[in-house]
Amino acid sequence: MQDETKPSGTLVIQVLAMPKDTNANGDIFGGWLVSHMDMGAGIAARFEARCRVATVAIDSLVFLRPVAIGDVVACYASMIRIGRTSMRIHMEVWTASPADEVPKKSAEGIFTFVALDMSGRPQPVKRSTRIEDDQ
Ligand SMILES: CC(C)(COP(=O)(O)OP(=O)(O)OC[C@H]1O[C@@H](n2cnc3c(N)ncnc32)[C@H](O)[C@@H]1OP(=O)(O)O)[C@@H](O)C(=O)NCCC(=O)NCCS
């Protein structure tokens with residue numbers, strides 16, 4: 001069973017939630033959080049595929065608790081499946097407020113990325129030649 005007291009995956013982004021990132025309620029805007037999850041998943045996908053990548057789908061996205069100004073927002077990525085050209089990445093967001101430094105899971109979702117060639121067409125993730133192989 002998954003341990004819900006600590007994050008699973010690799011820390012890919014850590015950022016402070018600022019006043020400019022709020023919604024009309026004064027909490028942090030969900031779209032801001034999703035953009036960081038997307039960016040974090042993109043970092044994990046690019047690290048795996050070593051090429052351009054693009055988000056093709058986002059599934060099972062849930063916001064578990066509000067995020068407040070001043071919270072430290074940490075995004076964790078776990079690769080859950082590598083297909084021919086696609087990668088499914090489970091993202092978790094854990095937040096910690098200045099008052100209570102114990103991080104809590106605030107959002108999670110599954111992001112699917114596709115490895116792309118220089119023309120923007122899907123290309124295999126596991127291929128014989130990669131950028132770093134050419135260097
Ligand atoms: C990503 C993109 C190049 C894929 O093109 P495509 O013609 O759908 O390519 P394919 O049908 O060959 O699918 C490529 C892979 O994506 C997967 N895929 C496609 N649509 C999917 C979906 N809705 N959900 C999950 N996976 C999907 C396919 O299963 C395939 O995976 P596999 O090779 O591991 O089996 C194209 O859809 C695109 O450019 N989308 C816009 C991406 C973008 O701009 N993202 C940023 C958001 S603004």
# chains A, B, ... in the order shown; residues from 1 in each chain; ligands from 1
$ select_by_dssp --residues "chain A" --states "alpha helix (DSSP H)" --output "short mmCIF file (atom, residue, chain, number, x, y, z; two decimals) with all heavy atoms, in the first residue's frame"
data_model
loop_
_atom_site.label_atom_id
_atom_site.label_comp_id
_atom_site.auth_asym_id
_atom_site.auth_seq_id
_atom_site.Cartn_x
_atom_site.Cartn_y
_atom_site.Cartn_z
N GLY A 30 -5.93 26.89 -9.34
CA GLY A 30 -5.67 25.50 -9.75
C GLY A 30 -4.83 25.39 -11.02
O GLY A 30 -3.98 24.52 -11.13
N GLY A 31 -5.07 26.32 -11.95
CA GLY A 31 -4.33 26.30 -13.22
C GLY A 31 -2.84 26.52 -13.03
O GLY A 31 -2.01 25.96 -13.76
N TRP A 32 -2.51 27.32 -12.02
CA TRP A 32 -1.10 27.56 -11.72
C TRP A 32 -0.45 26.25 -11.24
O TRP A 32 0.66 25.90 -11.66
CB TRP A 32 -0.99 28.65 -10.63
CG TRP A 32 0.41 28.96 -10.21
CD1 TRP A 32 1.28 29.83 -10.82
CD2 TRP A 32 1.11 28.43 -9.07
NE1 TRP A 32 2.48 29.86 -10.14
CE2 TRP A 32 2.39 29.01 -9.07
CE3 TRP A 32 0.78 27.52 -8.07
CZ2 TRP A 32 3.35 28.70 -8.09
CZ3 TRP A 32 1.74 27.22 -7.10
CH2 TRP A 32 3.00 27.81 -7.12
N LEU A 33 -1.20 25.53 -10.39
CA LEU A 33 -0.67 24.26 -9.86
C LEU A 33 -0.50 23.25 -11.00
O LEU A 33 0.52 22.57 -11.10
CB LEU A 33 -1.67 23.73 -8.83
CG LEU A 33 -1.11 22.97 -7.64
CD1 LEU A 33 -0.07 23.80 -6.92
CD2 LEU A 33 -2.23 22.59 -6.68
N VAL A 34 -1.53 23.18 -11.88
CA VAL A 34 -1.47 22.23 -13.00
C VAL A 34 -0.29 22.55 -13.92
O VAL A 34 0.39 21.64 -14.40
CB VAL A 34 -2.80 22.23 -13.80
CG1 VAL A 34 -2.69 21.31 -15.01
CG2 VAL A 34 -3.96 21.80 -12.93
N SER A 35 -0.03 23.84 -14.14
CA SER A 35 1.08 24.19 -15.03
C SER A 35 2.41 23.72 -14.44
O SER A 35 3.29 23.26 -15.18
CB SER A 35 1.09 25.69 -15.34
OG SER A 35 1.62 26.42 -14.28
N HIS A 36 2.53 23.77 -13.13
CA HIS A 36 3.77 23.28 -12.51
C HIS A 36 3.84 21.75 -12.57
O HIS A 36 4.92 21.19 -12.77
CB HIS A 36 3.89 23.79 -11.08
CG HIS A 36 4.36 25.21 -11.04
ND1 HIS A 36 3.52 26.27 -11.24
CD2 HIS A 36 5.59 25.74 -10.91
CE1 HIS A 36 4.20 27.40 -11.22
NE2 HIS A 36 5.47 27.10 -11.01
N MET A 37 2.70 21.08 -12.40
CA MET A 37 2.68 19.62 -12.51
C MET A 37 3.07 19.22 -13.94
O MET A 37 3.85 18.28 -14.15
CB MET A 37 1.29 19.06 -12.18
CG MET A 37 0.89 19.31 -10.73
SD MET A 37 -0.86 18.96 -10.44
CE MET A 37 -0.80 17.19 -10.17
N ASP A 38 2.54 19.95 -14.91
CA ASP A 38 2.82 19.68 -16.33
C ASP A 38 4.31 19.89 -16.61
O ASP A 38 4.96 19.07 -17.27
CB ASP A 38 1.94 20.60 -17.18
CG ASP A 38 1.95 20.26 -18.65
OD1 ASP A 38 2.17 19.08 -18.99
OD2 ASP A 38 1.73 21.16 -19.47
N MET A 39 4.83 21.01 -16.09
CA MET A 39 6.25 21.30 -16.29
C MET A 39 7.12 20.21 -15.65
O MET A 39 8.09 19.74 -16.25
CB MET A 39 6.58 22.65 -15.64
CG MET A 39 7.28 23.62 -16.54
SD MET A 39 7.74 25.11 -15.66
CE MET A 39 6.20 25.75 -15.04
N GLY A 40 6.75 19.82 -14.44
CA GLY A 40 7.52 18.79 -13.73
C GLY A 40 7.49 17.46 -14.46
O GLY A 40 8.51 16.76 -14.58
N ALA A 41 6.30 17.10 -14.97
CA ALA A 41 6.18 15.84 -15.72
C ALA A 41 7.00 15.94 -17.01
O ALA A 41 7.64 14.96 -17.43
CB ALA A 41 4.71 15.56 -16.03
N GLY A 42 7.01 17.13 -17.61
CA GLY A 42 7.81 17.35 -18.82
C GLY A 42 9.30 17.19 -18.57
O GLY A 42 10.02 16.65 -19.40
N ILE A 43 9.73 17.63 -17.40
CA ILE A 43 11.15 17.46 -17.03
C ILE A 43 11.48 15.98 -16.92
O ILE A 43 12.48 15.50 -17.45
CB ILE A 43 11.46 18.22 -15.71
CG1 ILE A 43 11.41 19.73 -15.97
CG2 ILE A 43 12.80 17.79 -15.14
CD1 ILE A 43 11.43 20.58 -14.70
N ALA A 44 10.58 15.23 -16.25
CA ALA A 44 10.80 13.78 -16.09
C ALA A 44 10.79 13.07 -17.45
O ALA A 44 11.61 12.19 -17.72
CB ALA A 44 9.74 13.18 -15.16
N ALA A 45 9.85 13.49 -18.33
CA ALA A 45 9.73 12.86 -19.66
C ALA A 45 10.98 13.16 -20.49
O ALA A 45 11.52 12.28 -21.16
CB ALA A 45 8.48 13.36 -20.36
N ARG A 46 11.42 14.41 -20.46
CA ARG A 46 12.60 14.79 -21.25
C ARG A 46 13.85 14.09 -20.74
O ARG A 46 14.70 13.69 -21.51
CB ARG A 46 12.78 16.31 -21.21
CG ARG A 46 13.37 16.82 -22.50
CD ARG A 46 13.35 18.29 -22.57
NE ARG A 46 14.37 18.87 -21.69
CZ ARG A 46 14.71 20.15 -21.75
NH1 ARG A 46 14.13 20.95 -22.60
NH2 ARG A 46 15.63 20.63 -20.95
N PHE A 47 13.92 13.95 -19.43
CA PHE A 47 15.06 13.24 -18.84
C PHE A 47 15.09 11.79 -19.33
O PHE A 47 16.15 11.24 -19.62
CB PHE A 47 14.96 13.29 -17.31
CG PHE A 47 16.17 12.73 -16.62
CD1 PHE A 47 17.33 13.47 -16.51
CD2 PHE A 47 16.14 11.45 -16.09
CE1 PHE A 47 18.46 12.95 -15.89
CE2 PHE A 47 17.25 10.92 -15.46
CZ PHE A 47 18.42 11.68 -15.36
N GLU A 48 13.90 11.19 -19.43
CA GLU A 48 13.81 9.79 -19.88
C GLU A 48 14.11 9.67 -21.37
O GLU A 48 14.91 8.83 -21.79
CB GLU A 48 12.40 9.25 -19.58
CG GLU A 48 12.19 7.80 -19.97
CD GLU A 48 13.01 6.84 -19.13
OE1 GLU A 48 13.11 7.05 -17.91
OE2 GLU A 48 13.57 5.89 -19.71
N ALA A 49 13.46 10.53 -22.19
CA ALA A 49 13.52 10.36 -23.65
C ALA A 49 14.71 11.08 -24.28
O ALA A 49 15.10 10.75 -25.40
CB ALA A 49 12.22 10.87 -24.28
N ILE A 131 20.31 12.16 -28.19
CA ILE A 131 21.13 13.38 -28.23
C ILE A 131 22.48 13.13 -27.56
O ILE A 131 23.53 13.41 -28.12
CB ILE A 131 20.40 14.55 -27.53
CG1 ILE A 131 19.16 14.93 -28.32
CG2 ILE A 131 21.32 15.75 -27.36
CD1 ILE A 131 18.20 15.84 -27.57
N GLU A 132 22.42 12.52 -26.35
CA GLU A 132 23.69 12.38 -25.62
C GLU A 132 24.60 11.34 -26.27
O GLU A 132 25.82 11.36 -26.07
CB GLU A 132 23.45 12.07 -24.13
CG GLU A 132 23.09 10.65 -23.81
CD GLU A 132 21.59 10.39 -23.91
OE1 GLU A 132 20.90 11.12 -24.64
OE2 GLU A 132 21.14 9.46 -23.24
N ASP A 133 23.99 10.42 -27.08
CA ASP A 133 24.81 9.42 -27.76
C ASP A 133 25.66 10.07 -28.86
O ASP A 133 26.68 9.55 -29.26
CB ASP A 133 23.93 8.35 -28.41
CG ASP A 133 23.12 7.61 -27.36
OD1 ASP A 133 23.57 7.56 -26.21
OD2 ASP A 133 22.04 7.12 -27.70
N ASP A 134 25.16 11.24 -29.39
CA ASP A 134 25.87 11.91 -30.48
C ASP A 134 27.02 12.76 -29.97
O ASP A 134 27.82 13.25 -30.74
CB ASP A 134 24.90 12.84 -31.25
CG ASP A 134 23.80 12.04 -31.94
OD1 ASP A 134 24.01 10.84 -32.17
OD2 ASP A 134 22.75 12.63 -32.21
#
$ residues_near_ligand --ligand "ligand 1" --cutoff "10 Å" --atoms "only C-alpha atoms and all ligand atoms" --output "ChimeraX atom specification"
/A:38,53-59,81-88,110-117,119-125
$ write_last_selection --atoms "C-alpha atoms" --output "PDB file, in the first residue's frame"
ATOM      1  CA  ASP A  38       2.820  19.677 -16.325  1.00  0.00           C
ATOM      2  CA  VAL A  53       8.425  16.099 -25.523  1.00  0.00           C
ATOM      3  CA  ALA A  54       4.824  17.345 -25.446  1.00  0.00           C
ATOM      4  CA  THR A  55       1.841  16.705 -23.185  1.00  0.00           C
ATOM      5  CA  VAL A  56      -0.805  14.674 -25.025  1.00  0.00           C
ATOM      6  CA  ALA A  57      -3.174  13.942 -22.100  1.00  0.00           C
ATOM      7  CA  ILE A  58      -3.863  14.641 -18.431  1.00  0.00           C
ATOM      8  CA  ASP A  59      -5.948  12.075 -16.473  1.00  0.00           C
ATOM      9  CA  ARG A  81       4.665   3.348 -18.037  1.00  0.00           C
ATOM     10  CA  ILE A  82       6.873   3.778 -21.055  1.00  0.00           C
ATOM     11  CA  GLY A  83       5.120   2.941 -24.330  1.00  0.00           C
ATOM     12  CA  ARG A  84       6.560   3.102 -27.842  1.00  0.00           C
ATOM     13  CA  THR A  85       6.518   6.923 -28.095  1.00  0.00           C
ATOM     14  CA  SER A  86       4.606   7.859 -24.926  1.00  0.00           C
ATOM     15  CA  MET A  87       5.341   8.072 -21.222  1.00  0.00           C
ATOM     16  CA  ARG A  88       2.769   8.039 -18.395  1.00  0.00           C
ATOM     17  CA  ILE A 110      -1.353  11.371 -14.432  1.00  0.00           C
ATOM     18  CA  PHE A 111       0.333  13.150 -17.328  1.00  0.00           C
ATOM     19  CA  THR A 112       1.047  11.482 -20.669  1.00  0.00           C
ATOM     20  CA  PHE A 113       3.905  12.858 -22.733  1.00  0.00           C
ATOM     21  CA  VAL A 114       5.015  11.956 -26.247  1.00  0.00           C
ATOM     22  CA  ALA A 115       8.649  11.957 -27.414  1.00  0.00           C
ATOM     23  CA  LEU A 116       9.007  14.113 -30.528  1.00  0.00           C
ATOM     24  CA  ASP A 117      11.527  14.448 -33.327  1.00  0.00           C
ATOM     25  CA  SER A 119       9.641  18.113 -36.831  1.00  0.00           C
ATOM     26  CA  GLY A 120       7.230  17.533 -33.926  1.00  0.00           C
ATOM     27  CA  ARG A 121       6.329  13.954 -34.943  1.00  0.00           C
ATOM     28  CA  PRO A 122       6.194  11.133 -32.383  1.00  0.00           C
ATOM     29  CA  GLN A 123       9.406   9.133 -32.138  1.00  0.00           C
ATOM     30  CA  PRO A 124      10.290   6.068 -30.036  1.00  0.00           C
ATOM     31  CA  VAL A 125      11.377   6.733 -26.462  1.00  0.00           C
TER      32      VAL A 125
END
$ atom_distance --atom1 "atom CA of Met118 of chain A" --atom2 "atom CA of Ile80 of chain A"
25.4 Å
$ select_by_dssp --residues "chain A" --states "strand (DSSP E)" --output "ChimeraX atom specification"
/A:10-16,52-63,72-82,86-96,104-116
$ closest_residue --among "A:Ala24, A:Val102, A:Cys75, A:Leu61" --to "Thr10 of chain A" --atoms "only C-alpha atoms"
A:Cys75
$ residues_around --residues "Lys104 of chain A" --least-positions-apart "4" --cutoff "12 Å" --atoms "only C-alpha atoms" --output "PyMOL selection string"
chain A and resi 4-7+63-67+71-75+92-97+100+108
$ write_last_selection --atoms "N, CA and C atoms" --output "PDB file, in the first residue's frame"
ATOM      1  N   GLU A   4       0.939   7.367   2.519  1.00  0.00           N
ATOM      2  CA  GLU A   4       0.361   8.699   2.280  1.00  0.00           C
ATOM      3  C   GLU A   4       0.995   9.763   3.171  1.00  0.00           C
ATOM      4  N   THR A   5       2.015   9.395   3.954  1.00  0.00           N
ATOM      5  CA  THR A   5       2.633  10.389   4.830  1.00  0.00           C
ATOM      6  C   THR A   5       3.859  11.025   4.193  1.00  0.00           C
ATOM      7  N   LYS A   6       4.340  10.439   3.098  1.00  0.00           N
ATOM      8  CA  LYS A   6       5.471  11.068   2.416  1.00  0.00           C
ATOM      9  C   LYS A   6       5.352  10.919   0.905  1.00  0.00           C
ATOM     10  N   PRO A   7       5.969  11.883   0.168  1.00  0.00           N
ATOM     11  CA  PRO A   7       5.819  11.879  -1.281  1.00  0.00           C
ATOM     12  C   PRO A   7       6.419  10.647  -1.925  1.00  0.00           C
ATOM     13  N   PHE A  63      -7.560  17.787  -6.903  1.00  0.00           N
ATOM     14  CA  PHE A  63      -7.044  18.766  -5.941  1.00  0.00           C
ATOM     15  C   PHE A  63      -7.546  18.331  -4.572  1.00  0.00           C
ATOM     16  N   LEU A  64      -6.637  18.029  -3.673  1.00  0.00           N
ATOM     17  CA  LEU A  64      -7.027  17.423  -2.389  1.00  0.00           C
ATOM     18  C   LEU A  64      -7.227  18.454  -1.283  1.00  0.00           C
ATOM     19  N   ARG A  65      -6.488  19.569  -1.351  1.00  0.00           N
ATOM     20  CA  ARG A  65      -6.643  20.636  -0.351  1.00  0.00           C
ATOM     21  C   ARG A  65      -6.174  21.960  -0.955  1.00  0.00           C
ATOM     22  N   PRO A  66      -6.710  23.075  -0.444  1.00  0.00           N
ATOM     23  CA  PRO A  66      -6.286  24.361  -0.994  1.00  0.00           C
ATOM     24  C   PRO A  66      -4.821  24.658  -0.686  1.00  0.00           C
ATOM     25  N   VAL A  67      -4.210  25.393  -1.585  1.00  0.00           N
ATOM     26  CA  VAL A  67      -2.820  25.826  -1.381  1.00  0.00           C
ATOM     27  C   VAL A  67      -2.876  27.318  -1.081  1.00  0.00           C
ATOM     28  N   ASP A  71       3.009  29.055   0.814  1.00  0.00           N
ATOM     29  CA  ASP A  71       3.285  27.610   0.916  1.00  0.00           C
ATOM     30  C   ASP A  71       4.453  27.239  -0.003  1.00  0.00           C
ATOM     31  N   VAL A  72       5.261  26.314   0.444  1.00  0.00           N
ATOM     32  CA  VAL A  72       6.271  25.732  -0.431  1.00  0.00           C
ATOM     33  C   VAL A  72       5.591  24.593  -1.182  1.00  0.00           C
ATOM     34  N   VAL A  73       5.647  24.669  -2.504  1.00  0.00           N
ATOM     35  CA  VAL A  73       4.951  23.709  -3.378  1.00  0.00           C
ATOM     36  C   VAL A  73       6.008  22.816  -4.034  1.00  0.00           C
ATOM     37  N   ALA A  74       5.914  21.514  -3.781  1.00  0.00           N
ATOM     38  CA  ALA A  74       6.913  20.587  -4.315  1.00  0.00           C
ATOM     39  C   ALA A  74       6.225  19.556  -5.208  1.00  0.00           C
ATOM     40  N   CYS A  75       6.742  19.383  -6.423  1.00  0.00           N
ATOM     41  CA  CYS A  75       6.163  18.440  -7.395  1.00  0.00           C
ATOM     42  C   CYS A  75       7.076  17.221  -7.537  1.00  0.00           C
ATOM     43  N   GLU A  92       2.674  14.089  -8.091  1.00  0.00           N
ATOM     44  CA  GLU A  92       2.113  14.452  -6.787  1.00  0.00           C
ATOM     45  C   GLU A  92       2.599  15.853  -6.425  1.00  0.00           C
ATOM     46  N   VAL A  93       1.698  16.659  -5.837  1.00  0.00           N
ATOM     47  CA  VAL A  93       2.086  17.966  -5.306  1.00  0.00           C
ATOM     48  C   VAL A  93       1.962  17.908  -3.799  1.00  0.00           C
ATOM     49  N   TRP A  94       3.026  18.234  -3.123  1.00  0.00           N
ATOM     50  CA  TRP A  94       3.030  18.300  -1.658  1.00  0.00           C
ATOM     51  C   TRP A  94       3.324  19.739  -1.252  1.00  0.00           C
ATOM     52  N   THR A  95       2.531  20.247  -0.276  1.00  0.00           N
ATOM     53  CA  THR A  95       2.720  21.640   0.122  1.00  0.00           C
ATOM     54  C   THR A  95       2.972  21.735   1.623  1.00  0.00           C
ATOM     55  N   ALA A  96       3.774  22.736   1.967  1.00  0.00           N
ATOM     56  CA  ALA A  96       4.060  22.975   3.384  1.00  0.00           C
ATOM     57  C   ALA A  96       3.889  24.458   3.663  1.00  0.00           C
ATOM     58  N   SER A  97       3.123  24.784   4.704  1.00  0.00           N
ATOM     59  CA  SER A  97       2.919  26.198   5.072  1.00  0.00           C
ATOM     60  C   SER A  97       4.006  26.603   6.061  1.00  0.00           C
ATOM     61  N   ASP A 100       3.091  25.311   9.567  1.00  0.00           N
ATOM     62  CA  ASP A 100       3.170  23.859   9.782  1.00  0.00           C
ATOM     63  C   ASP A 100       4.039  23.282   8.685  1.00  0.00           C
ATOM     64  N   GLU A 108      -2.803  15.495  -7.194  1.00  0.00           N
ATOM     65  CA  GLU A 108      -2.094  14.457  -7.950  1.00  0.00           C
ATOM     66  C   GLU A 108      -2.796  14.232  -9.277  1.00  0.00           C
TER      67      GLU A 108
END
$ residues_around --residues "Gly109 of chain A" --least-positions-apart "2" --cutoff "6 Å" --atoms "only C-alpha atoms" --output "list in words"
Ser60, Leu61, His90 and Met91 of chain A
$ write_last_selection --atoms "C-alpha atoms" --output "PDB file, in the first residue's frame"
ATOM      1  CA  SER A  60      -7.246  11.635 -12.945  1.00  0.00           C
ATOM      2  CA  LEU A  61      -6.310  15.108 -11.803  1.00  0.00           C
ATOM      3  CA  HIS A  90       2.234  10.114 -11.980  1.00  0.00           C
ATOM      4  CA  MET A  91       2.602  13.565 -10.443  1.00  0.00           C
TER       5      MET A  91
END
$ closest_residue --among "A:Phe29, A:Val62, A:Met79, A:Ser128" --to "Ala107 of chain A" --atoms "only C-alpha atoms"
A:Val62
$ decode --residues "segment 61-123 of chain A" --atoms "C-alpha atoms" --output "mmCIF file, in the first residue's frame"
data_model
loop_
_atom_site.group_PDB
_atom_site.id
_atom_site.type_symbol
_atom_site.label_atom_id
_atom_site.label_comp_id
_atom_site.auth_asym_id
_atom_site.auth_seq_id
_atom_site.Cartn_x
_atom_site.Cartn_y
_atom_site.Cartn_z
ATOM 1 C CA LEU A 61 -6.310 15.108 -11.803
ATOM 2 C CA VAL A 62 -7.495 15.815 -8.258
ATOM 3 C CA PHE A 63 -7.044 18.766 -5.941
ATOM 4 C CA LEU A 64 -7.027 17.423 -2.389
ATOM 5 C CA ARG A 65 -6.643 20.636 -0.351
ATOM 6 C CA PRO A 66 -6.286 24.361 -0.994
ATOM 7 C CA VAL A 67 -2.820 25.826 -1.381
ATOM 8 C CA ALA A 68 -2.138 29.180 0.316
ATOM 9 C CA ILE A 69 0.176 32.105 -0.370
ATOM 10 C CA GLY A 70 3.596 31.396 1.148
ATOM 11 C CA ASP A 71 3.285 27.610 0.916
ATOM 12 C CA VAL A 72 6.271 25.732 -0.431
ATOM 13 C CA VAL A 73 4.951 23.709 -3.378
ATOM 14 C CA ALA A 74 6.913 20.587 -4.315
ATOM 15 C CA CYS A 75 6.163 18.440 -7.395
ATOM 16 C CA TYR A 76 7.208 14.778 -7.492
ATOM 17 C CA ALA A 77 7.257 12.619 -10.622
ATOM 18 C CA SER A 78 7.086 8.813 -10.994
ATOM 19 C CA MET A 79 7.344 7.155 -14.399
ATOM 20 C CA ILE A 80 4.554 4.564 -14.420
ATOM 21 C CA ARG A 81 4.665 3.348 -18.037
ATOM 22 C CA ILE A 82 6.873 3.778 -21.055
ATOM 23 C CA GLY A 83 5.120 2.941 -24.330
ATOM 24 C CA ARG A 84 6.560 3.102 -27.842
ATOM 25 C CA THR A 85 6.518 6.923 -28.095
ATOM 26 C CA SER A 86 4.606 7.859 -24.926
ATOM 27 C CA MET A 87 5.341 8.072 -21.222
ATOM 28 C CA ARG A 88 2.769 8.039 -18.395
ATOM 29 C CA ILE A 89 3.926 9.977 -15.361
ATOM 30 C CA HIS A 90 2.234 10.114 -11.980
ATOM 31 C CA MET A 91 2.602 13.565 -10.443
ATOM 32 C CA GLU A 92 2.113 14.452 -6.787
ATOM 33 C CA VAL A 93 2.086 17.966 -5.306
ATOM 34 C CA TRP A 94 3.030 18.300 -1.658
ATOM 35 C CA THR A 95 2.720 21.640 0.122
ATOM 36 C CA ALA A 96 4.060 22.975 3.384
ATOM 37 C CA SER A 97 2.919 26.198 5.072
ATOM 38 C CA PRO A 98 5.274 28.379 7.134
ATOM 39 C CA ALA A 99 3.128 27.633 10.234
ATOM 40 C CA ASP A 100 3.170 23.859 9.782
ATOM 41 C CA GLU A 101 6.232 22.631 7.959
ATOM 42 C CA VAL A 102 4.891 19.068 7.685
ATOM 43 C CA PRO A 103 4.181 18.670 3.947
ATOM 44 C CA LYS A 104 0.710 17.495 2.910
ATOM 45 C CA LYS A 105 -0.376 15.999 -0.384
ATOM 46 C CA SER A 106 -2.408 18.695 -2.169
ATOM 47 C CA ALA A 107 -2.910 17.379 -5.703
ATOM 48 C CA GLU A 108 -2.094 14.457 -7.950
ATOM 49 C CA GLY A 109 -2.651 13.377 -11.523
ATOM 50 C CA ILE A 110 -1.353 11.371 -14.432
ATOM 51 C CA PHE A 111 0.333 13.150 -17.328
ATOM 52 C CA THR A 112 1.047 11.482 -20.669
ATOM 53 C CA PHE A 113 3.905 12.858 -22.733
ATOM 54 C CA VAL A 114 5.015 11.956 -26.247
ATOM 55 C CA ALA A 115 8.649 11.957 -27.414
ATOM 56 C CA LEU A 116 9.007 14.113 -30.528
ATOM 57 C CA ASP A 117 11.527 14.448 -33.327
ATOM 58 C CA MET A 118 12.683 17.858 -34.524
ATOM 59 C CA SER A 119 9.641 18.113 -36.831
ATOM 60 C CA GLY A 120 7.230 17.533 -33.926
ATOM 61 C CA ARG A 121 6.329 13.954 -34.943
ATOM 62 C CA PRO A 122 6.194 11.133 -32.383
ATOM 63 C CA GLN A 123 9.406 9.133 -32.138
#
